[in-house]
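Enquirer: What follows is target.pdb; its format and atoms are PDB, C-alpha atoms (C1' of nucleotides).
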ATOM      1  CA  MET E 281     154.709 218.737  73.394  1.00  0.00           C
ATOM      2  CA  CYS E 282     154.763 215.571  75.226  1.00  0.00           C
ATOM      3  CA  GLY E 283     152.232 213.475  73.409  1.00  0.00           C
ATOM      4  CA  LYS E 284     154.074 210.207  73.843  1.00  0.00           C
ATOM      5  CA  TYR E 285     156.070 208.619  76.640  1.00  0.00           C
ATOM      6  CA  ILE E 286     157.256 205.383  78.199  1.00  0.00           C
ATOM      7  CA  LEU E 287     156.231 203.686  81.427  1.00  0.00           C
ATOM      8  CA  ALA E 288     158.458 202.400  84.192  1.00  0.00           C
ATOM      9  CA  GLN E 289     158.042 199.001  85.813  1.00  0.00           C
ATOM     10  CA  ALA E 290     155.083 199.123  88.171  1.00  0.00           C
ATOM     11  CA  ALA E 291     157.042 198.045  91.232  1.00  0.00           C
ATOM     12  CA  LYS E 292     159.682 200.704  90.634  1.00  0.00           C
ATOM     13  CA  ALA E 293     157.000 203.283  89.969  1.00  0.00           C
ATOM     14  CA  GLU E 294     155.284 202.487  93.265  1.00  0.00           C
ATOM     15  CA  ARG E 295     158.548 202.829  95.115  1.00  0.00           C
ATOM     16  CA  ALA E 296     159.438 206.113  93.421  1.00  0.00           C
ATOM     17  CA  MET E 297     156.034 207.599  94.206  1.00  0.00           C
ATOM     18  CA  GLY E 298     155.837 206.274  97.747  1.00  0.00           C
ATOM     19  CA  ILE E 299     152.552 204.542  96.999  1.00  0.00           C
ATOM     20  CA  ARG E 300     150.860 203.383 100.168  1.00  0.00           C
ATOM     21  CA  ARG E 301     147.393 202.609  98.898  1.00  0.00           C
ATOM     22  CA  GLY E 302     146.535 200.496  95.896  1.00  0.00           C
ATOM     23  CA  ARG E 303     148.853 199.001  93.332  1.00  0.00           C
ATOM     24  CA  TRP E 304     149.586 199.550  89.699  1.00  0.00           C
ATOM     25  CA  GLU E 305     149.247 196.688  87.300  1.00  0.00           C
ATOM     26  CA  TYR E 306     149.963 197.366  83.693  1.00  0.00           C
ATOM     27  CA  PRO E 307     152.072 195.974  80.894  1.00  0.00           C
ATOM     28  CA  LEU E 308     155.289 197.885  80.360  1.00  0.00           C
ATOM     29  CA  SER E 309     154.988 200.231  77.393  1.00  0.00           C
ATOM     30  CA  TYR E 310     157.571 202.085  75.360  1.00  0.00           C
ATOM     31  CA  ARG E 311     154.871 204.013  73.542  1.00  0.00           C
ATOM     32  CA  VAL E 312     152.093 205.381  75.712  1.00  0.00           C
ATOM     33  CA  LEU E 313     149.651 207.375  73.620  1.00  0.00           C
ATOM     34  CA  PRO E 314     146.812 209.820  74.337  1.00  0.00           C
ATOM     35  CA  THR E 315     143.442 208.239  75.244  1.00  0.00           C
ATOM     36  CA  GLU E 316     145.148 205.263  76.895  1.00  0.00           C
ATOM     37  CA  GLN E 317     144.722 204.429  80.571  1.00  0.00           C
ATOM     38  CA  VAL E 318     147.859 205.625  82.351  1.00  0.00           C
ATOM     39  CA  PRO E 319     149.163 205.182  85.884  1.00  0.00           C
ATOM     40  CA  VAL E 320     148.894 208.247  88.098  1.00  0.00           C
ATOM     41  CA  ALA E 321     149.412 208.980  91.774  1.00  0.00           C
ATOM     42  CA  VAL E 322     146.762 210.958  93.638  1.00  0.00           C
ATOM     43  CA  ALA E 323     146.395 211.811  97.305  1.00  0.00           C
ATOM     44  CA  GLU E 324     142.686 211.998  97.980  1.00  0.00           C
ATOM     45  CA  SER E 325     143.190 210.385 101.356  1.00  0.00           C
ATOM     46  CA  GLY E 326     146.243 212.427 102.265  1.00  0.00           C
ATOM     47  CA  GLU E 327     148.772 209.857 101.158  1.00  0.00           C
ATOM     48  CA  PRO E 328     149.964 208.687  97.756  1.00  0.00           C
ATOM     49  CA  GLU E 329     147.542 206.319  96.086  1.00  0.00           C
ATOM     50  CA  ALA E 330     147.836 204.393  92.801  1.00  0.00           C
ATOM     51  CA  ALA E 331     145.190 204.954  90.126  1.00  0.00           C
ATOM     52  CA  MET E 332     144.698 204.486  86.402  1.00  0.00           C
ATOM     53  CA  MET E 333     143.105 207.253  84.346  1.00  0.00           C
ATOM     54  CA  ARG E 334     142.453 208.105  80.738  1.00  0.00           C
ATOM     55  CA  TRP E 335     145.111 210.404  79.323  1.00  0.00           C
ATOM     56  CA  GLY E 336     143.172 213.346  77.870  1.00  0.00           C
ATOM     57  CA  LEU E 337     141.042 215.191  80.414  1.00  0.00           C
ATOM     58  CA  ILE E 338     137.266 215.017  80.040  1.00  0.00           C
ATOM     59  CA  PRO E 339     135.690 217.843  82.064  1.00  0.00           C
ATOM     60  CA  TYR E 340     132.991 216.971  84.600  1.00  0.00           C
ATOM     61  CA  TRP E 341     130.487 218.969  82.558  1.00  0.00           C
ATOM     62  CA  ALA E 342     131.124 217.027  79.322  1.00  0.00           C
ATOM     63  CA  TYR E 343     129.000 213.959  80.190  1.00  0.00           C
ATOM     64  CA  GLY E 344     131.961 211.683  79.728  1.00  0.00           C
ATOM     65  CA  VAL E 345     132.405 212.633  76.095  1.00  0.00           C
ATOM     66  CA  PRO E 346     135.908 213.783  75.086  1.00  0.00           C
ATOM     67  CA  LEU E 347     136.105 217.336  73.763  1.00  0.00           C
ATOM     68  CA  LYS E 348     137.143 217.959  70.193  1.00  0.00           C
ATOM     69  CA  ALA E 349     139.913 220.134  71.538  1.00  0.00           C
ATOM     70  CA  SER E 350     142.969 218.260  72.734  1.00  0.00           C
ATOM     71  CA  THR E 351     143.313 218.081  76.497  1.00  0.00           C
ATOM     72  CA  ILE E 352     146.384 215.878  76.758  1.00  0.00           C
ATOM     73  CA  ASN E 353     148.553 218.869  77.717  1.00  0.00           C
ATOM     74  CA  ALA E 354     147.747 221.879  79.880  1.00  0.00           C
ATOM     75  CA  ARG E 355     150.015 224.899  79.769  1.00  0.00           C
ATOM     76  CA  VAL E 356     150.939 225.997  83.254  1.00  0.00           C
ATOM     77  CA  GLU E 357     150.025 229.541  82.249  1.00  0.00           C
ATOM     78  CA  ARG E 358     146.433 228.375  81.691  1.00  0.00           C
ATOM     79  CA  ILE E 359     145.590 225.876  84.402  1.00  0.00           C
ATOM     80  CA  ALA E 360     143.846 228.452  86.582  1.00  0.00           C
ATOM     81  CA  SER E 361     141.802 229.983  83.778  1.00  0.00           C
ATOM     82  CA  ALA E 362     141.089 227.555  80.942  1.00  0.00           C
ATOM     83  CA  PRO E 363     137.488 226.259  81.118  1.00  0.00           C
ATOM     84  CA  SER E 364     138.612 222.632  81.068  1.00  0.00           C
ATOM     85  CA  TYR E 365     141.255 223.013  83.751  1.00  0.00           C
ATOM     86  CA  ARG E 366     140.310 225.786  86.172  1.00  0.00           C
ATOM     87  CA  ASP E 367     137.801 223.814  88.194  1.00  0.00           C
ATOM     88  CA  PRO E 368     140.078 220.786  88.657  1.00  0.00           C
ATOM     89  CA  TRP E 369     142.850 223.213  89.575  1.00  0.00           C
ATOM     90  CA  HIS E 370     140.807 225.158  92.130  1.00  0.00           C
ATOM     91  CA  ARG E 371     139.391 221.961  93.594  1.00  0.00           C
ATOM     92  CA  GLY E 372     142.879 220.603  94.078  1.00  0.00           C
ATOM     93  CA  GLN E 373     142.442 217.666  91.703  1.00  0.00           C
ATOM     94  CA  ARG E 374     146.143 217.178  91.157  1.00  0.00           C
ATOM     95  CA  CYS E 375     147.944 214.021  90.158  1.00  0.00           C
ATOM     96  CA  ILE E 376     151.349 212.794  89.081  1.00  0.00           C
ATOM     97  CA  LEU E 377     151.857 210.916  85.823  1.00  0.00           C
ATOM     98  CA  VAL E 378     154.585 208.380  86.358  1.00  0.00           C
ATOM     99  CA  MET E 379     157.024 207.655  83.562  1.00  0.00           C
ATOM    100  CA  GLY E 380     160.451 206.445  82.567  1.00  0.00           C
ATOM    101  CA  GLY E 381     160.991 208.974  79.777  1.00  0.00           C
ATOM    102  CA  PHE E 382     159.229 210.766  76.941  1.00  0.00           C
ATOM    103  CA  TYR E 383     159.562 211.592  73.277  1.00  0.00           C
ATOM    104  CA  GLU E 384     159.910 214.958  71.585  1.00  0.00           C
ATOM    105  CA  PRO E 385     160.108 215.832  67.903  1.00  0.00           C
ATOM    106  CA  HIS E 386     163.050 217.769  66.501  1.00  0.00           C
ATOM    107  CA  VAL E 387     162.459 219.713  63.305  1.00  0.00           C
ATOM    108  CA  ASN E 388     165.385 219.724  60.878  1.00  0.00           C
ATOM    109  CA  GLU E 389     166.284 222.534  58.497  1.00  0.00           C
ATOM    110  CA  ASP E 390     164.623 220.742  55.613  1.00  0.00           C
ATOM    111  CA  GLY E 391     161.439 220.431  57.612  1.00  0.00           C
ATOM    112  CA  THR E 392     161.719 216.716  58.318  1.00  0.00           C
ATOM    113  CA  ARG E 393     161.232 215.556  61.878  1.00  0.00           C
ATOM    114  CA  ASP E 394     163.241 213.231  64.035  1.00  0.00           C
ATOM    115  CA  PRO E 395     161.913 211.828  67.282  1.00  0.00           C
ATOM    116  CA  PHE E 396     164.142 212.147  70.358  1.00  0.00           C
ATOM    117  CA  PHE E 397     163.899 210.201  73.579  1.00  0.00           C
ATOM    118  CA  VAL E 398     164.385 212.134  76.799  1.00  0.00           C
ATOM    119  CA  ARG E 399     165.071 210.724  80.252  1.00  0.00           C
ATOM    120  CA  LEU E 400     166.544 211.864  83.538  1.00  0.00           C
ATOM    121  CA  ALA E 401     170.214 211.151  84.147  1.00  0.00           C
ATOM    122  CA  GLU E 402     169.816 209.994  87.721  1.00  0.00           C
ATOM    123  CA  ARG E 403     166.211 208.887  88.082  1.00  0.00           C
ATOM    124  CA  GLU E 404     164.936 205.832  86.262  1.00  0.00           C
ATOM    125  CA  VAL E 405     161.384 206.806  87.203  1.00  0.00           C
ATOM    126  CA  PHE E 406     160.001 210.291  87.600  1.00  0.00           C
ATOM    127  CA  GLY E 407     156.713 212.111  87.906  1.00  0.00           C
ATOM    128  CA  VAL E 408     155.096 214.851  85.861  1.00  0.00           C
ATOM    129  CA  ALA E 409     152.492 217.180  87.339  1.00  0.00           C
ATOM    130  CA  GLY E 410     148.959 216.684  86.088  1.00  0.00           C
ATOM    131  CA  LEU E 411     145.319 217.504  86.815  1.00  0.00           C
ATOM    132  CA  TRP E 412     142.450 215.059  86.827  1.00  0.00           C
ATOM    133  CA  ASP E 413     138.683 215.205  86.621  1.00  0.00           C
ATOM    134  CA  ARG E 414     135.702 212.921  86.961  1.00  0.00           C
ATOM    135  CA  SER E 415     132.908 213.082  84.406  1.00  0.00           C
ATOM    136  CA  ARG E 416     129.513 211.411  84.667  1.00  0.00           C
ATOM    137  CA  ARG E 417     128.248 209.630  81.585  1.00  0.00           C
ATOM    138  CA  GLU E 418     124.574 209.541  80.669  1.00  0.00           C
ATOM    139  CA  ASP E 419     124.366 205.955  81.918  1.00  0.00           C
ATOM    140  CA  GLY E 420     125.471 207.113  85.335  1.00  0.00           C
ATOM    141  CA  SER E 421     128.981 205.652  85.219  1.00  0.00           C
ATOM    142  CA  TYR E 422     132.033 207.818  85.722  1.00  0.00           C
ATOM    143  CA  VAL E 423     135.165 208.311  83.684  1.00  0.00           C
ATOM    144  CA  PHE E 424     138.339 209.527  85.382  1.00  0.00           C
ATOM    145  CA  SER E 425     140.842 211.295  83.168  1.00  0.00           C
ATOM    146  CA  CYS E 426     143.917 213.467  83.400  1.00  0.00           C
ATOM    147  CA  THR E 427     146.084 216.007  81.607  1.00  0.00           C
ATOM    148  CA  LEU E 428     149.829 216.587  81.701  1.00  0.00           C
ATOM    149  CA  ILE E 429     151.076 220.083  82.552  1.00  0.00           C
ATOM    150  CA  THR E 430     153.736 221.744  80.401  1.00  0.00           C
ATOM    151  CA  VAL E 431     156.221 224.505  81.262  1.00  0.00           C
ATOM    152  CA  PRO E 432     158.751 226.474  79.169  1.00  0.00           C
ATOM    153  CA  ALA E 433     161.618 224.330  77.881  1.00  0.00           C
ATOM    154  CA  ASN E 434     165.060 224.497  79.492  1.00  0.00           C
ATOM    155  CA  PRO E 435     167.980 225.076  77.055  1.00  0.00           C
ATOM    156  CA  LEU E 436     168.477 221.364  76.317  1.00  0.00           C
ATOM    157  CA  LEU E 437     164.813 220.736  75.603  1.00  0.00           C
ATOM    158  CA  ALA E 438     164.536 223.973  73.631  1.00  0.00           C
ATOM    159  CA  GLU E 439     167.222 222.589  71.328  1.00  0.00           C
ATOM    160  CA  VAL E 440     165.516 219.211  70.998  1.00  0.00           C
ATOM    161  CA  HIS E 441     161.952 220.428  70.806  1.00  0.00           C
ATOM    162  CA  ASN E 442     162.930 223.423  68.740  1.00  0.00           C
ATOM    163  CA  ALA E 443     159.556 224.047  67.181  1.00  0.00           C
ATOM    164  CA  LYS E 444     157.604 224.719  70.332  1.00  0.00           C
ATOM    165  CA  GLN E 445     159.923 225.174  73.232  1.00  0.00           C
ATOM    166  CA  ARG E 446     157.918 223.432  75.933  1.00  0.00           C
ATOM    167  CA  MET E 447     158.530 220.495  78.217  1.00  0.00           C
ATOM    168  CA  PRO E 448     156.567 218.462  80.750  1.00  0.00           C
ATOM    169  CA  ALA E 449     156.392 219.779  84.319  1.00  0.00           C
ATOM    170  CA  ILE E 450     158.762 217.213  85.792  1.00  0.00           C
ATOM    171  CA  LEU E 451     158.603 217.256  89.570  1.00  0.00           C
ATOM    172  CA  ALA E 452     161.614 217.140  91.858  1.00  0.00           C
ATOM    173  CA  GLU E 453     161.150 214.204  94.194  1.00  0.00           C
ATOM    174  CA  SER E 454     161.139 216.625  97.117  1.00  0.00           C
ATOM    175  CA  ASP E 455     158.144 218.392  95.572  1.00  0.00           C
ATOM    176  CA  HIS E 456     155.874 215.364  95.270  1.00  0.00           C
ATOM    177  CA  GLU E 457     154.164 215.994  98.571  1.00  0.00           C
ATOM    178  CA  ALA E 458     153.562 219.681  97.936  1.00  0.00           C
ATOM    179  CA  TRP E 459     152.131 218.914  94.528  1.00  0.00           C
ATOM    180  CA  LEU E 460     149.804 216.223  95.787  1.00  0.00           C
ATOM    181  CA  CYS E 461     148.843 217.614  99.188  1.00  0.00           C
ATOM    182  CA  GLY E 462     150.026 221.206  99.518  1.00  0.00           C
ATOM    183  CA  ALA E 463     148.131 224.479  99.469  1.00  0.00           C
ATOM    184  CA  LEU E 464     147.404 225.875  96.009  1.00  0.00           C
ATOM    185  CA  ARG E 465     150.210 228.386  96.038  1.00  0.00           C
ATOM    186  CA  ASP E 466     152.748 225.839  97.281  1.00  0.00           C
ATOM    187  CA  ALA E 467     151.624 223.339  94.670  1.00  0.00           C
ATOM    188  CA  PHE E 468     151.895 225.962  91.945  1.00  0.00           C
ATOM    189  CA  ALA E 469     155.448 226.789  93.024  1.00  0.00           C
ATOM    190  CA  THR E 470     156.578 223.247  92.164  1.00  0.00           C
ATOM    191  CA  LEU E 471     155.821 223.744  88.464  1.00  0.00           C
ATOM    192  CA  LYS E 472     159.218 224.592  87.016  1.00  0.00           C
ATOM    193  CA  SER E 473     161.480 223.675  84.138  1.00  0.00           C
ATOM    194  CA  TYR E 474     163.595 220.748  85.293  1.00  0.00           C
ATOM    195  CA  PRO E 475     167.383 221.430  85.242  1.00  0.00           C
ATOM    196  CA  GLN E 476     168.949 220.441  81.930  1.00  0.00           C
ATOM    197  CA  GLU E 477     172.051 219.142  83.742  1.00  0.00           C
ATOM    198  CA  LEU E 478     169.921 216.308  85.064  1.00  0.00           C
ATOM    199  CA  MET E 479     168.514 215.272  81.696  1.00  0.00           C
ATOM    200  CA  MET E 480     169.669 213.287  78.682  1.00  0.00           C
ATOM    201  CA  ALA E 481     168.259 213.168  75.155  1.00  0.00           C
ATOM    202  CA  TRP E 482     169.073 211.213  72.009  1.00  0.00           C
ATOM    203  CA  LYS E 483     167.657 210.606  68.589  1.00  0.00           C
ATOM    204  CA  VAL E 484     165.636 207.429  68.075  1.00  0.00           C
ATOM    205  CA  SER E 485     164.057 205.593  65.171  1.00  0.00           C
ATOM    206  CA  ARG E 486     160.931 206.962  63.533  1.00  0.00           C
ATOM    207  CA  ARG E 487     159.434 203.548  64.167  1.00  0.00           C
ATOM    208  CA  VAL E 488     158.175 205.033  67.411  1.00  0.00           C
ATOM    209  CA  ASN E 489     155.676 207.014  65.373  1.00  0.00           C
ATOM    210  CA  SER E 490     153.949 203.992  63.885  1.00  0.00           C
ATOM    211  CA  PRO E 491     151.547 202.487  66.393  1.00  0.00           C
ATOM    212  CA  LYS E 492     151.364 199.240  64.441  1.00  0.00           C
ATOM    213  CA  LEU E 493     155.058 198.523  64.790  1.00  0.00           C
ATOM    214  CA  PRO E 494     156.231 196.625  67.885  1.00  0.00           C
ATOM    215  CA  ASN E 495     156.219 198.490  71.177  1.00  0.00           C
ATOM    216  CA  ASP E 496     159.434 197.359  72.849  1.00  0.00           C
ATOM    217  CA  ALA E 497     162.710 198.611  74.285  1.00  0.00           C
ATOM    218  CA  SER E 498     164.234 198.943  70.829  1.00  0.00           C
ATOM    219  CA  LEU E 499     162.195 202.133  70.410  1.00  0.00           C
ATOM    220  CA  ILE E 500     164.452 204.044  72.788  1.00  0.00           C
ATOM    221  CA  GLU E 501     167.760 202.777  71.438  1.00  0.00           C
ATOM    222  CA  PRO E 502     170.041 205.621  70.334  1.00  0.00           C
ATOM    223  CA  LEU E 503     170.119 206.009  66.588  1.00  0.00           C
TER     224      LEU E 503
ATOM    225  C1'  DC X  95     120.556 236.783  73.705  1.00  0.00           C
ATOM    226  C1'  DC X  96     122.011 231.778  72.588  1.00  0.00           C
ATOM    227  C1'  DA X  97     124.972 228.565  69.875  1.00  0.00           C
ATOM    228  C1'  DG X  98     129.210 226.814  70.122  1.00  0.00           C
ATOM    229  C1'  DA X  99     133.466 226.184  72.175  1.00  0.00           C
ATOM    230  C1'  DC X 100     135.951 224.540  75.849  1.00  0.00           C
ATOM    231  C1'  DG X 101     143.362 222.771  73.586  1.00  0.00           C
ATOM    232  C1'  DT X 102     148.256 222.295  72.413  1.00  0.00           C
ATOM    233  C1'  DT X 103     151.563 221.796  69.175  1.00  0.00           C
ATOM    234  C1'  DG X 104     152.552 222.123  64.766  1.00  0.00           C
ATOM    235  C1'  DT X 105     153.602 216.202  60.162  1.00  0.00           C
ATOM    236  C1'  DT X 106     152.896 212.863  56.430  1.00  0.00           C
TER     237       DT X 106
ATOM    238  C1'  DG A 294     129.541 224.785  83.946  1.00  0.00           C
ATOM    239  C1'  DT A 295     130.785 229.154  81.884  1.00  0.00           C
ATOM    240  C1'  DC A 296     132.521 232.226  78.493  1.00  0.00           C
ATOM    241  C1'  DT A 297     132.747 234.212  73.779  1.00  0.00           C
ATOM    242  C1'  DG A 298     131.352 235.560  69.458  1.00  0.00           C
ATOM    243  C1'  DG A 299     128.030 236.675  66.217  1.00  0.00           C
TER     244       DG A 299
ATOM    245  C1'  DC F   4     152.053 212.827  69.298  1.00  0.00           C
ATOM    246  C1'  DC F   5     151.820 211.038  64.186  1.00  0.00           C
ATOM    247  C1'  DA F   6     149.909 207.896  60.411  1.00  0.00           C
ATOM    248  C1'  DG F   7     146.194 207.125  57.910  1.00  0.00           C
ATOM    249  C1'  DA F   8     141.709 207.936  56.363  1.00  0.00           C
ATOM    250  C1'  DC F   9     138.880 210.928  54.217  1.00  0.00           C
ATOM    251  C1'  DG F  10     131.147 207.536  52.880  1.00  0.00           C
ATOM    252  C1'  DT F  11     126.166 207.621  52.995  1.00  0.00           C
ATOM    253  C1'  DT F  12     121.748 208.454  54.990  1.00  0.00           C
ATOM    254  C1'  DG F  13     119.307 211.802  57.878  1.00  0.00           C
ATOM    255  C1'  DT F  14     118.760 216.603  60.264  1.00  0.00           C
ATOM    256  C1'  DT F  15     119.005 219.186  66.473  1.00  0.00           C
TER     257       DT F  15
ATOM    258  C1'  DG L 221     142.799 220.386  55.264  1.00  0.00           C
ATOM    259  C1'  DT L 222     141.132 217.984  59.264  1.00  0.00           C
ATOM    260  C1'  DC L 223     139.764 214.271  62.149  1.00  0.00           C
ATOM    261  C1'  DT L 224     140.514 209.681  64.315  1.00  0.00           C
ATOM    262  C1'  DG L 225     142.788 205.960  66.123  1.00  0.00           C
ATOM    263  C1'  DG L 226     146.644 203.750  68.057  1.00  0.00           C
TER     264       DG L 226
END
As a first step, turn the structure in this file into structure tokens.
Expert:
Amino acid sequence: MCGKYILAQAAKAERAMGIRRGRWEYPLSYRVLPTEQVPVAVAESGEPEAAMMRWGLIPYWAYGVPLKASTINARVERIASAPSYRDPWHRGQRCILVMGGFYEPHVNEDGTRDPFFVRLAEREVFGVAGLWDRSRREDGSYVFSCTLITVPANPLLAEVHNAKQRMPAILAESDHEAWLCGALRDAFATLKSYPQELMMAWKVSRRVNSPKLPNDASLIEPL
DNA sequence: CCAGACGTTGTT
DNA sequence: GTCTGG
DNA sequence: CCAGACGTTGTT
DNA sequence: GTCTGG
């Protein structure tokens, strides 16, 4: 769930996240994929700060080498206990992945799959809760990376993503501060299934699944 | 003990 | 770094 | 996430 | 069937 999404314009993203330190600079993408550098907001200094991190968390103990296991998504039920996530969680290494929408696969009766694009009805840009870590390579350099948290799907997303009823932990704008700066229990309380009434989803072309095909706005056009 | 895993979702 | 499985 | 590739040689 | 790369 949630292995592919789209970015929002950097300036809009900064505004939506209340970025006060740093800036994002990246080309707009309608197909962000795991292992890419993605824009995230962190609050190490107590206020929202722009950063770029690798999508796919590399634990601090892994010497900068990605695990074989996928760490692009972290189930909310596991963030406090999974070996790759518990330390970032307990250390408060939380971040927000900023996006304009995401893709989910829908499995048809005959087993074929159609990609759907999902966005919020009233927010052009939104944030998804994530965790980050810093891992030291053998050469002494550091790699910063992150994972995207998933929660149970709401009814709309359960219908779209029918195979594995999960969805990204989309944050209400009013919860951004608690997620970035709050106490553990307050941060945890912000991880909920976003209301379906505030979301929209439509089928898109399977072209989105072929990384070699152009990455432009046509990928999210309704089919 | 010590090697091996450490994850989520799920097709062609 | 820490847990699990053999 | 999905499309596309998928070997050998040498061995902690 | 499973891994890698985009």
Enquirer: My list of candidates is E:Arg358, E:Arg393, E:His456, E:Arg403. Which is closest to DC5 of chain F when distances are computed with all atoms listed in the file?
Expert: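 Looking at the shortest contact to DC5 of chain F, the residue is E:Arg393.
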Enquirer: Please, which residues of chain E lie no more than 9 Å from chain X when the count uses all atoms listed in the file, and can they be set out as a list of chain:residue names?
Expert: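 Listed by rising number, the hits are E:Met281, E:Leu347, E:Lys348, E:Ala349, E:Ser350, E:Thr351, E:Ile352, E:Asn353, E:Ala354, E:Arg355, E:Ala362, E:Pro363, E:Ser364, E:Thr392, E:Arg393, E:Ala443, E:Lys444.
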Enquirer: For the file shown, what are the residues hit by the PyMOL selection byres ((chain A) within 9 of (chain E)), laid out as JSON, numbers by chain?
Expert: {"A": [294, 295, 296]}
Enquirer: Atoms to include: C-alpha atoms (C1' of nucleotides). Write the selected residues as a PDB file, keeping the file's coordinate frame.
Expert:
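Saved the output as again_4.pdb:
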ATOM      1  C1'  DG A 294     129.541 224.785  83.946  1.00  0.00           C
ATOM      2  C1'  DT A 295     130.785 229.154  81.884  1.00  0.00           C
ATOM      3  C1'  DC A 296     132.521 232.226  78.493  1.00  0.00           C
TER       4       DC A 296
END
Enquirer: I'd like the contact shell of Glu418 of chain E - 12 Å cut-off, all atoms listed in the file, skipping same-chain residues fewer than 3 positions apart - returned as a PyMOL selection string.
Expert: chain E and resi 340-345+415+421-423
Enquirer: How would the residues just picked look written out with C-alpha atoms as a CSV table (one decimal), keeping the file's coordinate frame?
Expert:
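Resulting contents of out_4.csv:
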chain,number,residue,atom,x,y,z
E,340,TYR,CA,133.0,217.0,84.6
E,341,TRP,CA,130.5,219.0,82.6
E,342,ALA,CA,131.1,217.0,79.3
E,343,TYR,CA,129.0,214.0,80.2
E,344,GLY,CA,132.0,211.7,79.7
E,345,VAL,CA,132.4,212.6,76.1
E,415,SER,CA,132.9,213.1,84.4
E,421,SER,CA,129.0,205.7,85.2
E,422,TYR,CA,132.0,207.8,85.7
E,423,VAL,CA,135.2,208.3,83.7
Enquirer: Between atom CA of Ser425 of chain E and atom CA of Gly381 of chain E, what is the spacing in Å?
Expert: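 Straight-line distance from atom CA of Gly381 of chain E to atom CA of Ser425 of chain E works out to 20.6 Å.
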Enquirer: Excluding segment 292-302 of chain E and its own-chain neighbours fewer than 3 positions away, which residues fall within 10 Å of it when counting all atoms listed in the file? Please give them as a PyMOL selection string.
Expert: chain E and resi 287-289+305+319-323+325+327-331+376-380+403-407+453+456-457
Enquirer: Can you list, as a list in words, the residues that the PyMOL selection byres ((chain E and resi 428) around 10) selects here?
Expert: Met281, Cys282, Gly283, Trp335, Gly336, Leu337, Thr351, Ile352, Asn353, Ala354, Arg355, Val356, Cys375, Ile376, Leu377, Val408, Ala409, Gly410, Leu411, Trp412, Cys426, Thr427, Ile429, Thr430, Pro448, Ala449 and Ile450 of chain E
